[in-house]
$ cat data-v7.cif   # mmCIF, C-alpha atoms
data_my_file
#
loop_
_atom_site.label_atom_id
_atom_site.label_comp_id
_atom_site.auth_asym_id
_atom_site.auth_seq_id
_atom_site.Cartn_x
_atom_site.Cartn_y
_atom_site.Cartn_z
CA MET A 28 -17.46 6.23 -18.10
CA ASN A 29 -16.70 9.74 -19.31
CA PRO A 30 -13.03 9.72 -20.39
CA SER A 31 -12.65 13.31 -19.16
CA LEU A 32 -13.32 12.31 -15.55
CA THR A 33 -10.42 13.06 -13.23
CA PRO A 34 -9.04 10.34 -10.94
CA ARG A 35 -10.72 12.04 -7.97
CA GLN A 36 -14.07 11.93 -9.74
CA ILE A 37 -13.47 8.26 -10.53
CA VAL A 38 -12.92 7.59 -6.80
CA LYS A 39 -16.31 9.14 -6.07
CA ASP A 40 -17.88 6.73 -8.56
CA LEU A 41 -16.07 3.76 -7.01
CA LEU A 42 -17.29 4.71 -3.54
CA GLN A 43 -20.84 4.75 -4.90
CA GLY A 44 -20.40 1.33 -6.52
CA ILE A 45 -20.50 2.63 -10.09
CA LYS A 46 -18.81 0.24 -12.51
CA LEU A 47 -15.83 1.72 -14.33
CA THR A 48 -14.64 1.20 -17.89
CA ARG A 49 -10.95 1.30 -16.92
CA PRO A 50 -8.99 0.70 -13.73
CA LEU A 51 -7.12 3.35 -11.77
CA PHE A 52 -3.36 2.97 -12.17
CA LEU A 53 -1.78 3.69 -8.77
CA PRO A 54 1.85 2.47 -8.64
CA ILE A 55 3.71 2.95 -5.37
CA VAL A 56 6.75 5.04 -6.34
CA PHE A 57 8.05 6.64 -3.16
CA SER A 58 11.51 5.65 -1.89
CA LEU A 59 12.91 6.21 -5.39
CA GLY A 60 12.69 9.85 -4.34
CA ALA A 61 15.66 9.41 -2.01
CA LYS A 62 17.78 8.48 -5.03
CA ILE A 63 16.48 11.47 -6.97
CA GLU A 64 17.34 13.80 -4.06
CA ASN A 65 20.65 11.98 -3.50
CA VAL A 66 20.09 11.50 0.23
CA PRO A 67 19.96 8.38 2.44
CA LEU A 68 16.47 6.97 2.86
CA ARG A 69 16.48 7.69 6.62
CA ASP A 70 17.01 11.41 5.90
CA PHE A 71 14.48 11.42 3.07
CA LEU A 72 11.73 9.98 5.28
CA ALA A 73 12.10 12.85 7.76
CA ASN A 74 12.26 15.73 5.27
CA PRO A 75 8.94 16.92 3.80
CA THR A 76 10.66 19.40 1.49
CA LYS A 77 12.85 16.76 -0.16
CA ILE A 78 9.93 14.33 -0.39
CA THR A 79 7.71 16.95 -2.03
CA ASN A 80 10.41 17.98 -4.50
CA ALA A 81 11.17 14.38 -5.45
CA LEU A 82 7.52 13.41 -5.88
CA ARG A 83 6.91 16.35 -8.19
CA GLN A 84 9.81 15.14 -10.36
CA ILE A 85 8.46 11.58 -10.31
CA ARG A 86 5.03 12.91 -11.27
CA ALA A 87 6.57 14.49 -14.37
CA ARG A 88 8.19 11.18 -15.40
CA VAL A 89 5.60 8.52 -14.46
CA ARG A 90 2.16 8.56 -16.03
CA SER A 91 -0.37 7.39 -13.46
CA ASP A 92 -3.55 8.34 -11.64
CA GLY A 93 -1.87 9.03 -8.30
CA VAL A 94 1.16 10.18 -6.33
CA ALA A 95 2.57 8.03 -3.51
CA CYS A 96 2.93 10.68 -0.79
CA TYR A 97 4.23 8.49 2.07
CA PHE A 98 4.92 4.77 2.28
CA ASP A 99 7.10 3.29 5.03
CA PRO A 100 6.39 -0.16 6.52
CA ASN A 101 7.97 0.90 9.84
CA LEU A 102 5.99 4.10 10.34
CA GLU A 103 3.43 2.75 12.82
CA ALA A 104 5.91 0.64 14.80
CA GLU A 105 8.24 3.61 15.25
CA ALA A 106 5.30 5.81 16.22
CA LEU A 107 4.38 3.28 18.94
CA GLY A 108 7.90 3.33 20.43
CA ALA A 109 10.34 1.31 18.34
CA THR A 110 13.66 2.74 17.21
CA LEU A 111 15.04 2.12 13.72
CA GLN A 112 18.51 0.71 13.26
CA TRP A 113 19.82 1.70 9.83
CA HIS A 114 22.55 -0.09 7.93
CA PRO A 115 25.36 1.97 6.35
CA ASP A 116 24.48 0.68 2.87
CA ASP A 117 20.86 1.90 3.18
CA LYS A 118 19.35 -1.56 3.45
CA PRO A 119 15.90 -1.70 5.09
CA ALA A 120 15.96 -0.57 8.70
CA MET A 121 15.62 -3.05 11.56
CA LEU A 122 13.16 -2.46 14.40
CA HIS A 123 14.52 -2.35 17.94
CA TRP A 124 12.27 -2.23 20.98
CA PRO A 125 13.38 -0.73 24.30
CA HIS A 126 13.64 -3.33 27.09
CA GLN A 127 13.83 -6.00 24.37
CA PRO A 128 10.78 -8.17 25.13
CA GLN A 129 10.41 -11.90 24.71
CA LYS A 130 9.45 -12.92 21.18
CA GLY A 131 5.69 -13.22 20.98
CA ALA A 132 5.04 -10.73 23.81
CA LEU A 133 4.06 -7.08 23.48
CA PRO A 134 6.86 -4.64 24.40
CA GLU A 135 6.47 -2.58 27.55
CA GLY A 136 5.98 1.17 27.53
CA LEU A 137 4.26 1.44 24.15
CA ARG A 138 2.60 4.71 23.25
CA SER A 139 -1.17 4.79 22.94
CA PRO A 140 -2.67 4.89 19.42
CA GLU A 141 -3.60 8.54 20.00
CA GLU A 142 -0.01 9.38 21.01
CA ALA A 143 1.37 7.43 18.06
CA ALA A 144 -0.67 9.54 15.66
CA LYS A 145 1.19 12.63 16.96
CA HIS A 146 4.63 11.18 16.18
CA PRO A 147 6.88 13.55 14.17
CA ARG A 148 7.07 11.22 11.15
CA VAL A 149 3.29 11.04 10.96
CA GLY A 150 3.50 14.83 10.91
CA VAL A 151 5.93 14.62 7.96
CA ALA A 152 3.46 12.47 6.01
CA VAL A 153 0.65 14.91 6.80
CA GLU A 154 2.74 17.88 5.65
CA VAL A 155 3.70 16.19 2.37
CA ILE A 156 0.03 15.50 1.58
CA GLN A 157 -0.97 19.06 2.42
CA ARG A 158 1.81 20.53 0.27
CA LEU A 159 1.06 18.34 -2.75
CA LYS A 160 -2.65 19.03 -2.44
CA SER A 161 -1.94 22.71 -3.10
CA LEU A 162 0.90 22.22 -5.63
CA LEU A 163 -0.44 19.55 -8.02
CA ARG A 164 -3.09 21.10 -10.22
CA ASP A 165 -3.86 18.10 -12.43
CA GLU A 166 -5.85 16.37 -9.68
CA PRO A 167 -3.89 13.14 -9.22
CA LEU A 168 -4.93 11.02 -6.29
CA LEU A 169 -2.80 11.59 -3.20
CA LEU A 170 -1.87 8.14 -1.87
CA ALA A 171 -0.52 6.98 1.47
CA GLY A 172 0.05 3.59 3.07
CA VAL A 173 -0.35 2.07 6.50
CA SER A 174 0.40 -1.44 7.71
CA GLY A 175 -2.43 -3.91 8.16
CA PRO A 176 -3.40 -5.17 11.65
CA PHE A 177 -1.72 -8.57 11.25
CA THR A 178 1.44 -7.02 9.82
CA LEU A 179 1.80 -4.41 12.56
CA ALA A 180 0.89 -6.96 15.25
CA ALA A 181 3.68 -9.24 13.98
CA GLN A 182 6.12 -6.33 14.20
CA LEU A 183 5.02 -5.64 17.78
CA LEU A 184 5.49 -9.31 18.67
CA GLN A 185 8.87 -9.53 16.86
CA LEU A 186 7.60 -12.35 14.64
CA THR A 187 9.01 -12.95 11.19
CA GLN A 188 6.68 -13.39 8.24
CA THR A 189 7.24 -17.15 8.36
CA GLU A 190 6.57 -17.34 12.11
CA ALA A 191 3.43 -15.21 11.89
CA ALA A 192 2.12 -17.18 8.91
CA ARG A 193 2.30 -20.36 11.01
CA CYS A 194 0.17 -18.84 13.78
CA ASP A 195 -3.46 -19.85 13.59
CA ASP A 196 -4.32 -16.88 15.79
CA LEU A 197 -2.18 -13.85 16.65
CA PRO A 198 -2.84 -12.53 20.20
CA ALA A 199 -5.99 -10.44 20.25
CA ASP A 200 -4.43 -7.63 22.30
CA ALA A 201 -1.68 -7.12 19.71
CA VAL A 202 -4.14 -7.09 16.80
CA GLU A 203 -6.47 -4.70 18.65
CA LEU A 204 -3.62 -2.28 19.43
CA ALA A 205 -2.42 -2.47 15.84
CA ALA A 206 -5.89 -1.83 14.42
CA ALA A 207 -6.50 1.13 16.73
CA THR A 208 -3.14 2.66 15.79
CA ILE A 209 -3.79 2.22 12.07
CA THR A 210 -7.18 3.91 12.47
CA GLN A 211 -5.68 6.91 14.27
CA ILE A 212 -2.89 7.38 11.72
CA ALA A 213 -5.19 6.84 8.73
CA THR A 214 -7.45 9.53 10.18
CA LYS A 215 -4.56 12.02 10.18
CA LEU A 216 -3.75 11.15 6.56
CA VAL A 217 -7.28 11.57 5.19
CA GLU A 218 -7.83 14.73 7.24
CA ALA A 219 -4.74 16.13 5.48
CA GLY A 220 -6.26 15.38 2.08
CA ALA A 221 -5.22 11.84 1.08
CA ASN A 222 -7.58 10.46 -1.57
CA ALA A 223 -6.68 6.77 -1.19
CA ILE A 224 -5.18 4.78 1.68
CA PHE A 225 -3.46 1.44 1.14
CA ILE A 226 -3.78 -0.90 4.13
CA ARG A 227 -0.94 -3.29 3.38
CA GLU A 228 -1.04 -6.77 4.88
CA GLU A 229 2.37 -8.28 4.19
CA ILE A 230 1.55 -11.01 6.70
CA LEU A 231 -1.67 -13.00 6.53
CA PRO A 232 -1.93 -16.16 8.65
CA PRO A 233 -4.28 -19.00 7.72
CA LEU A 234 -7.81 -17.78 8.36
CA ALA A 235 -10.79 -19.67 9.71
CA PRO A 236 -14.25 -18.11 9.31
CA GLN A 237 -14.20 -16.80 12.90
CA SER A 238 -10.70 -15.30 12.69
CA ALA A 239 -11.52 -13.75 9.31
CA GLU A 240 -14.58 -12.13 10.84
CA SER A 241 -12.50 -10.80 13.76
CA TRP A 242 -9.92 -9.40 11.35
CA ALA A 243 -12.61 -7.72 9.26
CA THR A 244 -14.10 -6.24 12.43
CA SER A 245 -10.70 -4.85 13.45
CA LEU A 246 -10.34 -3.21 10.03
CA ALA A 247 -13.84 -1.69 9.99
CA PRO A 248 -13.07 1.53 11.94
CA ALA A 249 -10.19 2.42 9.60
CA LEU A 250 -12.23 1.61 6.49
CA ASN A 251 -15.15 3.65 7.78
CA ILE A 252 -13.09 6.75 8.58
CA ILE A 253 -11.35 6.60 5.20
CA ARG A 254 -14.69 6.40 3.39
CA PHE A 255 -16.13 9.15 5.62
CA TYR A 256 -13.55 11.51 4.13
CA GLN A 257 -14.54 10.37 0.61
CA ALA A 258 -11.20 8.59 0.20
CA LEU A 259 -10.74 5.13 -1.27
CA PRO A 260 -9.64 2.32 1.10
CA ILE A 261 -7.51 -0.37 -0.57
CA LEU A 262 -6.78 -3.54 1.40
CA GLN A 263 -3.66 -4.98 -0.20
CA ILE A 264 -2.62 -8.58 0.42
CA THR A 265 0.96 -8.63 -0.85
CA ASP A 266 1.82 -12.33 -0.55
CA THR A 267 0.44 -14.45 -3.40
CA HIS A 268 0.55 -17.70 -1.40
CA SER A 269 -1.34 -16.21 1.57
CA PHE A 270 -4.00 -14.77 -0.71
CA ALA A 271 -4.47 -18.06 -2.56
CA GLU A 272 -4.65 -19.97 0.73
CA ASN A 273 -7.33 -17.64 2.13
CA LYS A 274 -9.11 -16.67 -1.07
CA ALA A 275 -12.41 -18.44 -0.41
CA ILE A 276 -12.73 -17.00 3.09
CA LEU A 277 -11.67 -13.51 1.95
CA SER A 278 -14.28 -13.56 -0.77
CA ASN A 279 -17.05 -14.36 1.70
CA GLN A 280 -16.48 -11.17 3.69
CA ASN A 281 -18.42 -8.01 2.88
CA TRP A 282 -15.55 -5.58 2.34
CA ASP A 283 -16.16 -1.83 2.17
CA CYS A 284 -12.93 -1.41 0.23
CA ILE A 285 -10.96 -2.53 -2.81
CA LEU A 286 -9.49 -5.98 -2.10
CA CYS A 287 -6.15 -6.08 -3.89
CA HIS A 288 -3.85 -9.06 -4.42
CA THR A 289 -0.50 -9.60 -6.12
CA LEU A 290 -0.46 -11.32 -9.50
CA PRO A 291 1.44 -14.61 -9.58
CA THR A 292 4.25 -14.62 -12.13
CA SER A 293 6.49 -17.12 -13.83
CA ASN A 294 10.25 -17.13 -13.27
CA ASN A 295 10.76 -14.75 -16.19
CA GLY A 296 8.25 -12.24 -14.83
CA VAL A 297 5.27 -13.10 -17.06
CA ALA A 298 1.92 -12.64 -15.30
CA LEU A 299 0.07 -15.92 -14.85
CA PRO A 300 -3.70 -16.25 -15.15
CA CYS A 301 -5.63 -16.22 -11.89
CA ALA A 302 -9.21 -17.29 -11.39
CA PRO A 303 -11.73 -14.47 -11.06
CA PRO A 304 -13.19 -13.89 -7.59
CA PRO A 305 -16.56 -15.46 -6.81
CA SER A 306 -19.57 -13.32 -7.56
CA GLY A 307 -20.71 -11.04 -4.77
CA SER A 308 -17.22 -10.34 -3.42
CA ALA A 309 -15.57 -6.95 -3.04
CA GLN A 310 -14.35 -4.87 -5.93
CA MET A 311 -10.95 -6.23 -6.82
CA GLY A 312 -7.56 -4.73 -7.45
CA ILE A 313 -4.37 -6.33 -8.73
CA ALA A 314 -0.73 -5.59 -7.90
CA VAL A 315 2.18 -6.02 -10.29
CA PRO A 316 5.17 -7.82 -8.70
CA SER A 317 8.54 -6.08 -8.77
CA ASN A 318 10.18 -8.79 -10.91
CA ALA A 319 7.98 -7.65 -13.80
CA PHE A 320 10.18 -4.54 -14.01
CA GLN A 321 13.48 -6.39 -13.72
CA SER A 322 13.15 -8.46 -16.90
CA ASP A 323 14.71 -7.68 -20.26
CA GLU A 324 12.66 -5.90 -22.92
CA SER A 325 11.18 -9.14 -24.29
CA GLY A 326 10.18 -10.20 -20.77
CA THR A 327 8.46 -6.91 -19.97
CA GLU A 328 6.67 -6.99 -23.34
CA SER A 329 5.40 -10.52 -22.56
CA PHE A 330 4.27 -9.32 -19.15
CA ARG A 331 2.33 -6.39 -20.61
CA GLN A 332 0.57 -8.68 -23.07
CA SER A 333 -0.41 -11.15 -20.35
CA LEU A 334 -1.49 -8.28 -18.09
CA HIS A 335 -3.79 -6.94 -20.79
CA ASN A 336 -5.57 -10.33 -20.95
CA ILE A 337 -5.89 -10.46 -17.16
CA ILE A 338 -7.36 -6.94 -17.06
CA ASP A 339 -9.95 -7.93 -19.66
CA GLU A 340 -10.87 -11.01 -17.62
CA LEU A 341 -10.85 -9.66 -14.06
CA GLN A 342 -11.84 -6.02 -14.77
CA PRO A 343 -10.04 -4.74 -11.65
CA ALA A 344 -10.88 -1.36 -10.16
CA VAL A 345 -7.24 -0.63 -9.27
CA ILE A 346 -3.84 -1.66 -10.60
CA THR A 347 -0.87 -0.97 -8.33
CA THR A 348 2.55 -2.42 -7.54
CA ALA A 349 3.16 -5.15 -4.99
CA THR A 350 5.87 -3.08 -3.31
CA ASP A 351 7.30 0.39 -3.30
CA VAL A 352 9.15 0.05 -6.62
CA PRO A 353 12.89 -0.58 -6.24
CA ALA A 354 15.29 2.28 -6.95
CA THR A 355 16.67 0.23 -9.88
CA THR A 356 13.30 0.26 -11.66
CA ASP A 357 13.16 1.88 -15.09
CA VAL A 358 10.20 4.23 -14.67
CA LYS A 359 9.62 4.10 -18.42
CA GLN A 360 8.27 0.59 -17.81
CA LEU A 361 5.62 2.06 -15.50
CA SER A 362 4.52 4.52 -18.16
CA LYS A 363 4.26 1.65 -20.65
CA LEU A 364 1.92 -0.10 -18.21
CA TRP A 365 -0.19 3.07 -18.21
CA GLU A 366 -0.36 2.88 -22.00
CA GLU A 367 -1.32 -0.81 -21.81
CA ILE A 368 -4.18 -0.03 -19.43
CA HIS A 369 -5.47 2.69 -21.76
CA ARG A 370 -5.10 0.59 -24.91
#
$ encode --input "data-v7.cif" --output "structure tokens"
Amino acid sequence: MNPSLTPRQIVKDLLQGIKLTRPLFLPIVFSLGAKIENVPLRDFLANPTKITNALRQIRARVRSDGVACYFDPNLEAEALGATLQWHPDDKPAMLHWPHQPQKGALPEGLRSPEEAAKHPRVGVAVEVIQRLKSLLRDEPLLLAGVSGPFTLAAQLLQLTQTEAARCDDLPADAVELAAATITQIATKLVEAGANAIFIREEILPPLAPQSAESWATSLAPALNIIRFYQALPILQITDTHSFAENKAILSNQNWDCILCHTLPTSNNGVALPCAPPPSGSAQMGIAVPSNAFQSDESGTESFRQSLHNIIDELQPAVITTATDVPATTDVKQLSKLWEEIHR
């Protein structure tokens, strides 16, 4: 691969199935911007000017191939009709549904997927992407995230991750509504100029061949529209246990996307080896868990060394982070990962 290729040119190669000589480094560094702007997260999420300013500062400090323009796990649920209950200490918001439904049942009065895509916060995400597209001249990838169908369906049904993981089959109507909403919102994001969309499944129940096929079918419209706009779809399975449990079935699907999973780590944050995917599966990505950035210097050095070996073995197309990096993260550690990838 020509080392002078920009990240956007690399995406074009990936979409055409051209094998790369290095992975794209796409860490999710978004909510840290609220700390930089010294505002509560709830205010940050609604203010495109503050988001844009913060992301430009992050871009100057973190070496990577992309900028995380908008990542909020509650975006789609709020767009469909939930309200967010924020804690005074800025802990993650809790979802509240009007006419609190019975657990496991869809709430009444939900907006349609088309209406959800017109929600003001979707408009904020669109505006941030449009602004950064004109402001950033070095051609980083503009990244955005949406929830996966299982994850959004679990939110709609008020199921915890543990409860949803025990379900052999989430109700089809909830998954269908979730998938349609994700497709509509992803369309808005790529129309605005996003170059890569993360579809983040934080919940993945045990899959049988038939349910895996149904899930893949529900994802297909979103994947197709993302690729239509020459953007890169990245299906991210954040839970290491769920990925390991479903790995064989996942590998048997024909994915038109990067299939990304979180690296398992030891207690001190050192990346553990993981078996390469079977031949014929999708292009793979790997995600670095947040505890890799919370270790002392010796721990992070050990992690980088183990990561280098894993990259050589798996040859992933994308390296990202398992979560939006915590505000306590030392961004210098992210830049050192960039250096490790380019070593």
$ closest_residue --input "data-v7.cif" --among "A:Thr76, A:Gln127, A:Gln310, A:Gln188" --to "A:Gly44" --atoms "all atoms listed in the file"
A:Gln310
$ axis_aligned_box --input "data-v7.cif" --around "stretch 156-159 of chain A" --padding-each-side "6 Å" --output "AutoDock Vina command-line options"
--center_x 0.4 --center_y 18.0 --center_z -0.2 --size_x 14.8 --size_y 17.0 --size_z 17.2
$ closest_residue --input "data-v7.cif" --among "A:Thr350, A:Thr214, A:Gln185, A:Asn273" --to "A:Glu229" --atoms "only C-alpha atoms"
A:Thr350
$ residues_around --input "data-v7.cif" --residues "A:Leu186" --least-positions-apart "4" --cutoff "12 Å" --atoms "all atoms listed in the file" --output "list in words"
Leu122, Pro128, Gln129, Lys130, Gly131, Ala132, Leu133, Phe177, Thr178, Leu179, Ala180, Ala181, Gln182, Glu190, Ala191, Ala192, Arg193, Cys194, Leu197, Pro198, Ala201, Ile230 and Pro232 of chain A
$ atom_distance --input "data-v7.cif" --atom1 "atom CA of A:Thr48" --atom2 "atom CA of A:Leu334"
16.2 Å
$ residues_around --input "data-v7.cif" --residues "A:Asn80" --least-positions-apart "6" --cutoff "10 Å" --atoms "only C-alpha atoms" --output "PyMOL selection string"
chain A and resi 60+63-64+155+159
$ atom_distance --input "data-v7.cif" --atom1 "atom CA of A:His288" --atom2 "atom CA of A:Ala314"
5.8 Å
$ resolve_selection --input "data-v7.cif" --expression "the PyMOL selection byres ((chain A and resi 53) around 10)" --output "VMD selection string"
chain A and resid 50 to 52 54 to 56 90 to 95 167 to 170 223 314 345 to 348 365
$ atom_distance --input "data-v7.cif" --atom1 "atom CA of A:Phe98" --atom2 "atom CA of A:Asn222"
14.3 Å
$ resolve_selection --input "data-v7.cif" --expression "the PyMOL selection byres ((chain A and resi 124) around 9)" --output "PDB file with C-alpha atoms, in the coordinates of the input"
ATOM      1  CA  GLY A 108       7.900   3.330  20.430  1.00  0.00           C
ATOM      2  CA  ALA A 109      10.340   1.310  18.340  1.00  0.00           C
ATOM      3  CA  THR A 110      13.660   2.740  17.210  1.00  0.00           C
ATOM      4  CA  LEU A 111      15.040   2.120  13.720  1.00  0.00           C
ATOM      5  CA  LEU A 122      13.160  -2.460  14.400  1.00  0.00           C
ATOM      6  CA  HIS A 123      14.520  -2.350  17.940  1.00  0.00           C
ATOM      7  CA  PRO A 125      13.380  -0.730  24.300  1.00  0.00           C
ATOM      8  CA  HIS A 126      13.640  -3.330  27.090  1.00  0.00           C
ATOM      9  CA  GLN A 127      13.830  -6.000  24.370  1.00  0.00           C
ATOM     10  CA  PRO A 128      10.780  -8.170  25.130  1.00  0.00           C
ATOM     11  CA  PRO A 134       6.860  -4.640  24.400  1.00  0.00           C
ATOM     12  CA  GLU A 135       6.470  -2.580  27.550  1.00  0.00           C
ATOM     13  CA  LEU A 183       5.020  -5.640  17.780  1.00  0.00           C
TER      14      LEU A 183
END
$ closest_residue --input "data-v7.cif" --among "A:Arg35, A:His146, A:Arg83, A:Arg88" --to "A:Leu162" --atoms "only C-alpha atoms"
A:Arg83
